[in-house]
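**Student:** First the structure, then my questions, so here it is.
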Amino acid sequence: MSQLPAPEWCVLSLCTTLGSDPVELKCSTLYYPVSCAKDSLTLVFTHGLASHKEQYDPTIARLLSHTQTRATIQDIWVINFPNHGQTALLNHPMLDARKAAGKAICTMKDISLYLQAFLSTPSLKSSTVVGVAHSGSCTLWIFALTSMPPSLAPFALIMVESTLMFPSLTPTDPHSIHGAANIRGSLAKCDRWTDRNALMKWLVGGKGVWRKWDKRVLSGYVRYGFEEVNKSKLGAGKKKSYVMPTLRKDEESPLYACLLHMVEPKSLGQACKAVEEAGRGVHVVWADFEEFVSKVARKEILDAVEHRVVSQWTIKGAGHLVPQEKPDELGEALVNILDEIVNGSGNTKAKM
C-alpha cells in the first residue's frame with residue numbers, strides 16, 4: 001500500500017463577524033493533499049461542540065487507506081471552531097478582550113458565519129466540496145446554507161448524528177433533557193488538572209463518556225483539546241502551572257442551548273434542496289444507540305428535508321459521539337458514502 005498523505009498544519013485569517021462587529025479570526029486547519037485526479041472531491045470536516053479538528057485523525061487515516069477512494073479525493077480540510085482546540089489559542093486574546101468589554105461570546109450563528117467565511121476562501125475556489133459534519137456542526141452547515149450564495153453550496157453534505165432541532169421541540173424530548181444537562185454539566189465540571197497525566201486519569205476513571213472513546217481519539221483530545229497555563233513564577237525559577245480546556249466553560253455552556261440549534265423545517269428543506277441542486281445531495285449517518293437523537297427526532301429531520309436524503313447509514317455499536325467511539329467504522333462508512341456520491345444511484349440504507 002502506498003504511503004498515506006501527511007496533513008499540513010495551516011493557519012488562515014477569516015474576515016467575519018461576532019455579533020454585529022466585523023472581526024478577523026484565525027482558523028487553524030489540517031490540510032491533506034491527496035491526489036491530482038481531475039474532477040476529484042474536496043472534503044471539509046467540521047467537529048462537534050467541545051471537540052477539535054484532530055478528532056478525525058483515525059477516521060481520515062482509515063478513509064485514505066482505501067486506494068480507490070483516495071483517487072476520488074483531491075484534498076481534505078479539517079477545521080476548528082474559533083474558540084475550540086488549537087484555534088482557540090490563537091483567538092483567546094480577542095475573545096477575552098470582548099468578554100472583558102461585556103460583549104457577547106461566540107454563538108452558533110457566529111460560528112456558522114465563520115464557516116461560511118472559510119468556504120469563501122481562495123483555497124476552495126473551484127473546489128467540489130463535500131461537507132462532513134458531526135453533531136452540532138450539522139446545524140452550522142444548515143445555517144450557512146440559508147445565507148450563502150448558491151455558488152458556495154457544497155456538492156454533497158454528510159451529516160453524522162445531526163442535532164438539528166425544530167420550534168416544536170418539547171421539554172420532555174431527549175434533545176431538551178440532554179441540552180439542559182450539558183449546560184449544567186459544562187459549568188459544574190472540573191476544568192483544571194495538575195498535568196495531562198492527571199487529566200487522562202480523570203477522564204477514564206469516572207463515569208463520563210470518555211471511557212468509551214477510541215484510545216487514539218482520547219489521546220488526541222488530551223493533547224489538542226487542552227492547554228498548559230503558567231499561572232505564576234515561584235522561587236528559584238519554578239513555575240506553577242495547570243492544564244485546562246482550550247474551550248472555556250463559560251463559552252462552552254451557552255452553545256448547548258436548544259434555541260441555538262433550532263431551524264424552521266422549511267429552512268432545512270430549502271438548505272438541503274440547495275445541496276441537491278449543487279450536486280449529490282445529503283447523506284446521513286446515525287448512531288446505533290439513541291443516546292441523543294431519538295427515532296422521533298430522526299423522523300422529524302427526514303420529514304423536514306422532504307426525503308432528499310440520498311443515503312442513510314448506521315454505525316453499529318456507536319453512541320452519539322460516533323467519531324470518538326467508532327472512528328474506523330465511520331471511516332468505512334465514508335468510503336461507501338463517497339462511492340455513492342461519485343457513482344451511486346441513491347436511496348441506500350445500511351448498517352456498518
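To be explicit about the labels: the chains of the C-alpha cells are called A, B, and onward in the order shown, and within each one the residues are counted from 1, while ligands get numbers from 1 in the order they are shown.
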Could you pull out the helix (DSSP H, G or I) residues of segment 113-334 of chain A from DSSP and send them as a ChimeraX atom specification?
**Tutor:** /A:113-119,122-124,136-147,150-152,174-188,196-205,209-212,215-224,235-237,249-256,258-261,265-278,295-304,322-325,327-334
**Student:** Quick one: DSSP strand (DSSP E) residues in segment 11-42 of chain A, as an MDAnalysis selection string?
**Tutor:** chainID A and resid 11:18 21:33 41:42
**Student:** If you measure from atom CA of Thr46 of chain A to atom CA of Gln270 of chain A, what distance in Å do you get, rounded to one decimal?
**Tutor:** 21.2 Å
**Student:** Select from segment 21-72 of chain A every residue with an atom at most 6 Å from any atom of segment 12-16 of chain A, then for each give the shortest pair of atoms and their distance in Å to one decimal, using only C-alpha atoms, rows by chain and rising number, as a tab-separated table.
**Tutor:**
residue	atom	partner	partner_atom	distance
A:Pro22	CA	A:Thr16	CA	5.9
A:Val23	CA	A:Thr16	CA	5.5
A:Glu24	CA	A:Cys15	CA	4.6
A:Leu25	CA	A:Leu14	CA	5.3
A:Lys26	CA	A:Ser13	CA	4.7
A:Cys27	CA	A:Leu12	CA	5.0
**Student:** If we count only C-alpha atoms and set the cut-off at 8 Å, which residues sit around Thr194 of chain A, ignoring sequence neighbours fewer than 5 positions away in its own chain? Please answer as a PyMOL selection string.
**Tutor:** chain A and resi 199+241-243
**Student:** Would you write out those residues with C-alpha atoms, as a short mmCIF file (atom, residue, chain, number, x, y, z; two decimals), in the first residue's frame?
**Tutor:**
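And here is the file that came out, result.cif:
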data_model
loop_
_atom_site.label_atom_id
_atom_site.label_comp_id
_atom_site.auth_asym_id
_atom_site.auth_seq_id
_atom_site.Cartn_x
_atom_site.Cartn_y
_atom_site.Cartn_z
CA LEU A 199 -6.27 14.78 33.21
CA SER A 241 1.15 25.55 36.02
CA TYR A 242 -2.03 23.64 35.36
CA VAL A 243 -3.88 22.14 32.41
#
**Student:** Could you list, as a PDB file with N, CA and C atoms, in the first residue's frame, every residue within 9 Å of Glu264 of chain A, counting only C-alpha atoms and ignoring same-chain residues fewer than 4 positions away?
**Tutor:**
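The resulting file, result.pdb, is shown below:
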ATOM      1  N   MET A 165     -32.730  20.843  15.542  1.00  0.00           N
ATOM      2  CA  MET A 165     -33.963  20.884  16.337  1.00  0.00           C
ATOM      3  C   MET A 165     -34.948  21.861  15.709  1.00  0.00           C
ATOM      4  N   PHE A 166     -36.220  21.653  16.017  1.00  0.00           N
ATOM      5  CA  PHE A 166     -37.282  22.463  15.437  1.00  0.00           C
ATOM      6  C   PHE A 166     -38.070  23.174  16.533  1.00  0.00           C
ATOM      7  N   PRO A 167     -38.756  24.262  16.179  1.00  0.00           N
ATOM      8  CA  PRO A 167     -39.522  25.018  17.191  1.00  0.00           C
ATOM      9  C   PRO A 167     -40.563  24.190  17.923  1.00  0.00           C
ATOM     10  N   LEU A 268     -34.728  24.127   6.633  1.00  0.00           N
ATOM     11  CA  LEU A 268     -33.913  22.926   6.458  1.00  0.00           C
ATOM     12  C   LEU A 268     -34.165  22.308   5.092  1.00  0.00           C
ATOM     13  N   GLY A 269     -35.430  22.234   4.708  1.00  0.00           N
ATOM     14  CA  GLY A 269     -35.749  21.688   3.385  1.00  0.00           C
ATOM     15  C   GLY A 269     -35.120  22.492   2.260  1.00  0.00           C
ATOM     16  N   ALA A 304     -38.476  16.851   7.375  1.00  0.00           N
ATOM     17  CA  ALA A 304     -38.210  18.257   7.061  1.00  0.00           C
ATOM     18  C   ALA A 304     -37.370  18.417   5.804  1.00  0.00           C
TER      19      ALA A 304
END
**Student:** Pick from A:Gln3, A:Val263, A:Arg70, A:Pro82: nearest to Thr17 of chain A, with only C-alpha atoms counted?
**Tutor:**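 Among the listed residues, the smallest separation from Thr17 of chain A belongs to A:Pro82.
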**Student:** Calculated over only C-alpha atoms, which of the candidates A:Thr29, A:Asn197, A:Ser35, A:Thr121 has the smallest distance to Val11 of chain A?
**Tutor:** A:Thr29
**Student:** Go through A:Arg308, A:Ser126, A:Ile76, A:Leu218 and flag the residue nearest Lys201 of chain A, using only C-alpha atoms for the distances.
**Tutor:**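 So, comparing all the options, the nearest one is A:Leu218.
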**Student:** Set the distance at 8 Å and use only C-alpha atoms: which residues neighbour Pro33 of chain A once local chain neighbours fewer than 2 positions away are removed? I'd like the list as a PDB file with all heavy atoms, in the first residue's frame.
**Tutor:**
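Final output, saved to result26.pdb:
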ATOM      1  N   PRO A   5      -1.001  10.281   2.669  1.00  0.00           N
ATOM      2  CA  PRO A   5      -0.582  11.693   2.708  1.00  0.00           C
ATOM      3  C   PRO A   5      -0.570  12.213   4.140  1.00  0.00           C
ATOM      4  O   PRO A   5      -1.479  11.940   4.927  1.00  0.00           O
ATOM      5  CB  PRO A   5      -1.647  12.399   1.868  1.00  0.00           C
ATOM      6  CG  PRO A   5      -2.834  11.497   1.897  1.00  0.00           C
ATOM      7  CD  PRO A   5      -2.287  10.109   1.960  1.00  0.00           C
ATOM      8  N   ALA A   6       0.476  12.947   4.479  1.00  0.00           N
ATOM      9  CA  ALA A   6       0.578  13.540   5.819  1.00  0.00           C
ATOM     10  C   ALA A   6      -0.123  14.888   5.828  1.00  0.00           C
ATOM     11  O   ALA A   6      -0.021  15.657   4.859  1.00  0.00           O
ATOM     12  CB  ALA A   6       2.043  13.702   6.211  1.00  0.00           C
ATOM     13  N   PRO A   7      -0.834  15.216   6.897  1.00  0.00           N
ATOM     14  CA  PRO A   7      -1.526  16.511   6.949  1.00  0.00           C
ATOM     15  C   PRO A   7      -0.546  17.658   7.165  1.00  0.00           C
ATOM     16  O   PRO A   7       0.483  17.513   7.824  1.00  0.00           O
ATOM     17  CB  PRO A   7      -2.466  16.359   8.143  1.00  0.00           C
ATOM     18  CG  PRO A   7      -1.796  15.355   9.035  1.00  0.00           C
ATOM     19  CD  PRO A   7      -1.097  14.395   8.100  1.00  0.00           C
ATOM     20  N   TYR A  31      -4.606  20.223   6.603  1.00  0.00           N
ATOM     21  CA  TYR A  31      -4.818  20.114   5.162  1.00  0.00           C
ATOM     22  C   TYR A  31      -4.110  18.869   4.646  1.00  0.00           C
ATOM     23  O   TYR A  31      -2.910  18.688   4.865  1.00  0.00           O
ATOM     24  CB  TYR A  31      -4.282  21.343   4.437  1.00  0.00           C
ATOM     25  CG  TYR A  31      -4.367  21.241   2.922  1.00  0.00           C
ATOM     26  CD1 TYR A  31      -5.595  21.306   2.276  1.00  0.00           C
ATOM     27  CD2 TYR A  31      -3.220  21.046   2.152  1.00  0.00           C
ATOM     28  CE1 TYR A  31      -5.690  21.185   0.902  1.00  0.00           C
ATOM     29  CE2 TYR A  31      -3.298  20.932   0.776  1.00  0.00           C
ATOM     30  CZ  TYR A  31      -4.540  21.003   0.155  1.00  0.00           C
ATOM     31  OH  TYR A  31      -4.627  20.878  -1.212  1.00  0.00           O
ATOM     32  N   SER A  35      -4.673  13.759  -3.944  1.00  0.00           N
ATOM     33  CA  SER A  35      -4.414  13.296  -5.308  1.00  0.00           C
ATOM     34  C   SER A  35      -4.528  14.451  -6.285  1.00  0.00           C
ATOM     35  O   SER A  35      -5.001  15.534  -5.952  1.00  0.00           O
ATOM     36  CB  SER A  35      -5.382  12.174  -5.699  1.00  0.00           C
ATOM     37  OG  SER A  35      -6.654  12.704  -6.037  1.00  0.00           O
ATOM     38  N   GLN A  74      -9.383  14.988  -4.002  1.00  0.00           N
ATOM     39  CA  GLN A  74      -8.279  15.902  -4.316  1.00  0.00           C
ATOM     40  C   GLN A  74      -7.552  16.334  -3.049  1.00  0.00           C
ATOM     41  O   GLN A  74      -6.325  16.276  -2.963  1.00  0.00           O
ATOM     42  CB  GLN A  74      -8.799  17.141  -5.031  1.00  0.00           C
ATOM     43  CG  GLN A  74      -7.714  18.188  -5.321  1.00  0.00           C
ATOM     44  CD  GLN A  74      -8.273  19.373  -6.090  1.00  0.00           C
ATOM     45  OE1 GLN A  74      -8.891  19.202  -7.140  1.00  0.00           O
ATOM     46  NE2 GLN A  74      -8.057  20.568  -5.575  1.00  0.00           N
ATOM     47  N   ASP A  75      -8.322  16.762  -2.051  1.00  0.00           N
ATOM     48  CA  ASP A  75      -7.723  17.192  -0.798  1.00  0.00           C
ATOM     49  C   ASP A  75      -8.768  17.166   0.308  1.00  0.00           C
ATOM     50  O   ASP A  75      -9.967  16.993   0.058  1.00  0.00           O
ATOM     51  CB  ASP A  75      -7.075  18.579  -0.918  1.00  0.00           C
ATOM     52  CG  ASP A  75      -7.980  19.630  -1.533  1.00  0.00           C
ATOM     53  OD1 ASP A  75      -9.199  19.367  -1.669  1.00  0.00           O
ATOM     54  OD2 ASP A  75      -7.499  20.718  -1.892  1.00  0.00           O
ATOM     55  N   ILE A  76      -8.280  17.333   1.540  1.00  0.00           N
ATOM     56  CA  ILE A  76      -9.143  17.320   2.721  1.00  0.00           C
ATOM     57  C   ILE A  76      -8.750  18.488   3.613  1.00  0.00           C
ATOM     58  O   ILE A  76      -7.564  18.716   3.870  1.00  0.00           O
ATOM     59  CB  ILE A  76      -8.997  16.004   3.516  1.00  0.00           C
ATOM     60  CG1 ILE A  76      -9.436  14.797   2.672  1.00  0.00           C
ATOM     61  CG2 ILE A  76      -9.801  16.058   4.818  1.00  0.00           C
ATOM     62  CD1 ILE A  76      -9.165  13.451   3.335  1.00  0.00           C
TER      63      ILE A  76
END
**Student:** Go ahead and compute the interatomic distance for atom CA of Glu340 of chain A and atom CA of Leu30 of chain A, in Å to one decimal.
**Tutor:** 25.2 Å
**Student:** What is the distance, in Å and to one decimal place, between atom CA of Asp173 of chain A and atom CA of Leu187 of chain A?
**Tutor:**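 Going from atom CA of Asp173 of chain A over to atom CA of Leu187 of chain A, I get 22.0 Å.
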**Student:** Pull the closest atom pair for each residue of segment 128-232 of chain A that gets at most 10 Å from segment 99-113 of chain A, along with the distance in Å to one decimal, counting only C-alpha atoms, ordering rows by chain and then ascending residue number, as a Markdown table.
**Tutor:**
| residue | atom | partner | partner_atom | distance |
| --- | --- | --- | --- | --- |
| A:Gly136 | CA | A:Met108 | CA | 8.8 |
| A:Ser137 | CA | A:Ser112 | CA | 8.5 |
| A:Cys138 | CA | A:Ser112 | CA | 9.9 |
| A:Thr139 | CA | A:Met108 | CA | 8.1 |
| A:Leu140 | CA | A:Ser112 | CA | 4.7 |
| A:Trp141 | CA | A:Ser112 | CA | 6.7 |
| A:Ile142 | CA | A:Ser112 | CA | 8.4 |
| A:Phe143 | CA | A:Ser112 | CA | 6.1 |
| A:Ala144 | CA | A:Ser112 | CA | 5.4 |
| A:Leu145 | CA | A:Ser112 | CA | 9.1 |
| A:Ser147 | CA | A:Leu113 | CA | 8.8 |
| A:Met148 | CA | A:Leu113 | CA | 9.1 |
**Student:** Keeping only C-alpha atoms, write the selected residues to a file as a PDB file, in the first residue's frame.
**Tutor:**
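File produced: selection28.pdb:
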ATOM      1  CA  GLY A 136     -23.820  20.414  16.408  1.00  0.00           C
ATOM      2  CA  SER A 137     -21.751  21.328  13.370  1.00  0.00           C
ATOM      3  CA  CYS A 138     -24.545  19.950  11.169  1.00  0.00           C
ATOM      4  CA  THR A 139     -26.556  22.928  12.398  1.00  0.00           C
ATOM      5  CA  LEU A 140     -23.738  25.252  11.337  1.00  0.00           C
ATOM      6  CA  TRP A 141     -23.822  23.959   7.752  1.00  0.00           C
ATOM      7  CA  ILE A 142     -27.595  24.395   7.570  1.00  0.00           C
ATOM      8  CA  PHE A 143     -27.375  27.935   8.979  1.00  0.00           C
ATOM      9  CA  ALA A 144     -24.622  28.737   6.476  1.00  0.00           C
ATOM     10  CA  LEU A 145     -26.628  27.275   3.597  1.00  0.00           C
ATOM     11  CA  SER A 147     -27.451  32.666   3.951  1.00  0.00           C
ATOM     12  CA  MET A 148     -24.674  31.802   1.497  1.00  0.00           C
TER      13      MET A 148
END
**Student:** Could the residues of segment 30-148 of chain A that have an atom at most 12 Å from segment 221-230 of chain A be listed as JSON lines, each with its closest atom pair and the distance in Å to one decimal, counting only C-alpha atoms and ordered by chain and ascending residue number?
**Tutor:**
{"residue": "A:Leu49", "atom": "CA", "partner": "A:Gly225", "partner_atom": "CA", "distance": 11.5}
{"residue": "A:Ala50", "atom": "CA", "partner": "A:Gly225", "partner_atom": "CA", "distance": 8.2}
{"residue": "A:Ser51", "atom": "CA", "partner": "A:Gly225", "partner_atom": "CA", "distance": 6.8}
{"residue": "A:His52", "atom": "CA", "partner": "A:Gly225", "partner_atom": "CA", "distance": 6.3}
{"residue": "A:Lys53", "atom": "CA", "partner": "A:Tyr224", "partner_atom": "CA", "distance": 8.6}
{"residue": "A:Glu54", "atom": "CA", "partner": "A:Tyr224", "partner_atom": "CA", "distance": 7.2}
{"residue": "A:Gln55", "atom": "CA", "partner": "A:Tyr221", "partner_atom": "CA", "distance": 6.9}
{"residue": "A:Tyr56", "atom": "CA", "partner": "A:Tyr221", "partner_atom": "CA", "distance": 10.6}
{"residue": "A:Asp57", "atom": "CA", "partner": "A:Tyr221", "partner_atom": "CA", "distance": 10.9}
{"residue": "A:Asn80", "atom": "CA", "partner": "A:Gly225", "partner_atom": "CA", "distance": 10.6}
{"residue": "A:Phe81", "atom": "CA", "partner": "A:Gly225", "partner_atom": "CA", "distance": 11.8}
{"residue": "A:Asn83", "atom": "CA", "partner": "A:Gly225", "partner_atom": "CA", "distance": 10.7}
{"residue": "A:His84", "atom": "CA", "partner": "A:Gly225", "partner_atom": "CA", "distance": 7.4}
{"residue": "A:Gly85", "atom": "CA", "partner": "A:Gly225", "partner_atom": "CA", "distance": 4.8}
{"residue": "A:Gln86", "atom": "CA", "partner": "A:Tyr224", "partner_atom": "CA", "distance": 6.3}
{"residue": "A:Thr87", "atom": "CA", "partner": "A:Tyr224", "partner_atom": "CA", "distance": 9.9}
{"residue": "A:Ala88", "atom": "CA", "partner": "A:Gly225", "partner_atom": "CA", "distance": 9.4}
{"residue": "A:Leu89", "atom": "CA", "partner": "A:Glu227", "partner_atom": "CA", "distance": 8.3}
{"residue": "A:Leu90", "atom": "CA", "partner": "A:Glu227", "partner_atom": "CA", "distance": 11.9}
{"residue": "A:His92", "atom": "CA", "partner": "A:Glu227", "partner_atom": "CA", "distance": 11.8}
**Student:** For the selection just defined, write its residues with C-alpha atoms to a file, as an mmCIF file, in the first residue's frame.
**Tutor:**
data_model
loop_
_atom_site.group_PDB
_atom_site.id
_atom_site.type_symbol
_atom_site.label_atom_id
_atom_site.label_comp_id
_atom_site.auth_asym_id
_atom_site.auth_seq_id
_atom_site.Cartn_x
_atom_site.Cartn_y
_atom_site.Cartn_z
ATOM 1 C CA LEU A 49 -19.209 21.028 20.243
ATOM 2 C CA ALA A 50 -16.354 20.841 22.791
ATOM 3 C CA SER A 51 -14.200 18.855 20.369
ATOM 4 C CA HIS A 52 -11.377 19.738 17.976
ATOM 5 C CA LYS A 53 -10.180 19.029 14.440
ATOM 6 C CA GLU A 54 -7.765 16.214 15.371
ATOM 7 C CA GLN A 55 -10.680 14.031 16.495
ATOM 8 C CA TYR A 56 -10.940 12.947 12.864
ATOM 9 C CA ASP A 57 -7.317 11.752 12.510
ATOM 10 C CA ASN A 80 -11.574 24.093 14.276
ATOM 11 C CA PHE A 81 -14.325 26.344 15.569
ATOM 12 C CA ASN A 83 -12.904 29.029 20.298
ATOM 13 C CA HIS A 84 -12.070 25.307 20.132
ATOM 14 C CA GLY A 85 -8.822 23.341 20.020
ATOM 15 C CA GLN A 86 -5.631 24.945 18.798
ATOM 16 C CA THR A 87 -7.597 27.715 17.075
ATOM 17 C CA ALA A 88 -8.793 28.919 20.466
ATOM 18 C CA LEU A 89 -5.189 29.589 21.489
ATOM 19 C CA LEU A 90 -4.859 31.931 18.510
ATOM 20 C CA HIS A 92 -8.069 33.921 23.001
#
**Student:** I need the residue nearest Leu63 of chain A from this list: A:Asp250, A:Asp288, A:Asp96, A:Glu329. Use only C-alpha atoms for the distance.
**Tutor:**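 Among A:Asp250, A:Asp288, A:Asp96, A:Glu329, it is A:Glu329 that comes nearest to Leu63 of chain A.
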**Student:** With only C-alpha atoms as the atoms that count, which of A:Arg211, A:Gln116, A:Cys258, A:Cys10 lies nearest to Ser168 of chain A?
**Tutor:**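 So, comparing all the options, the nearest one is A:Cys258.
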**Student:** Please list as a list in words every residue within 7 Å of Asp191 of chain A, counting only C-alpha atoms and excluding residues in the same chain fewer than 2 positions away.
**Tutor:**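 The residues satisfying every condition are Lys189, Trp193, Met244 and Pro245 of chain A.
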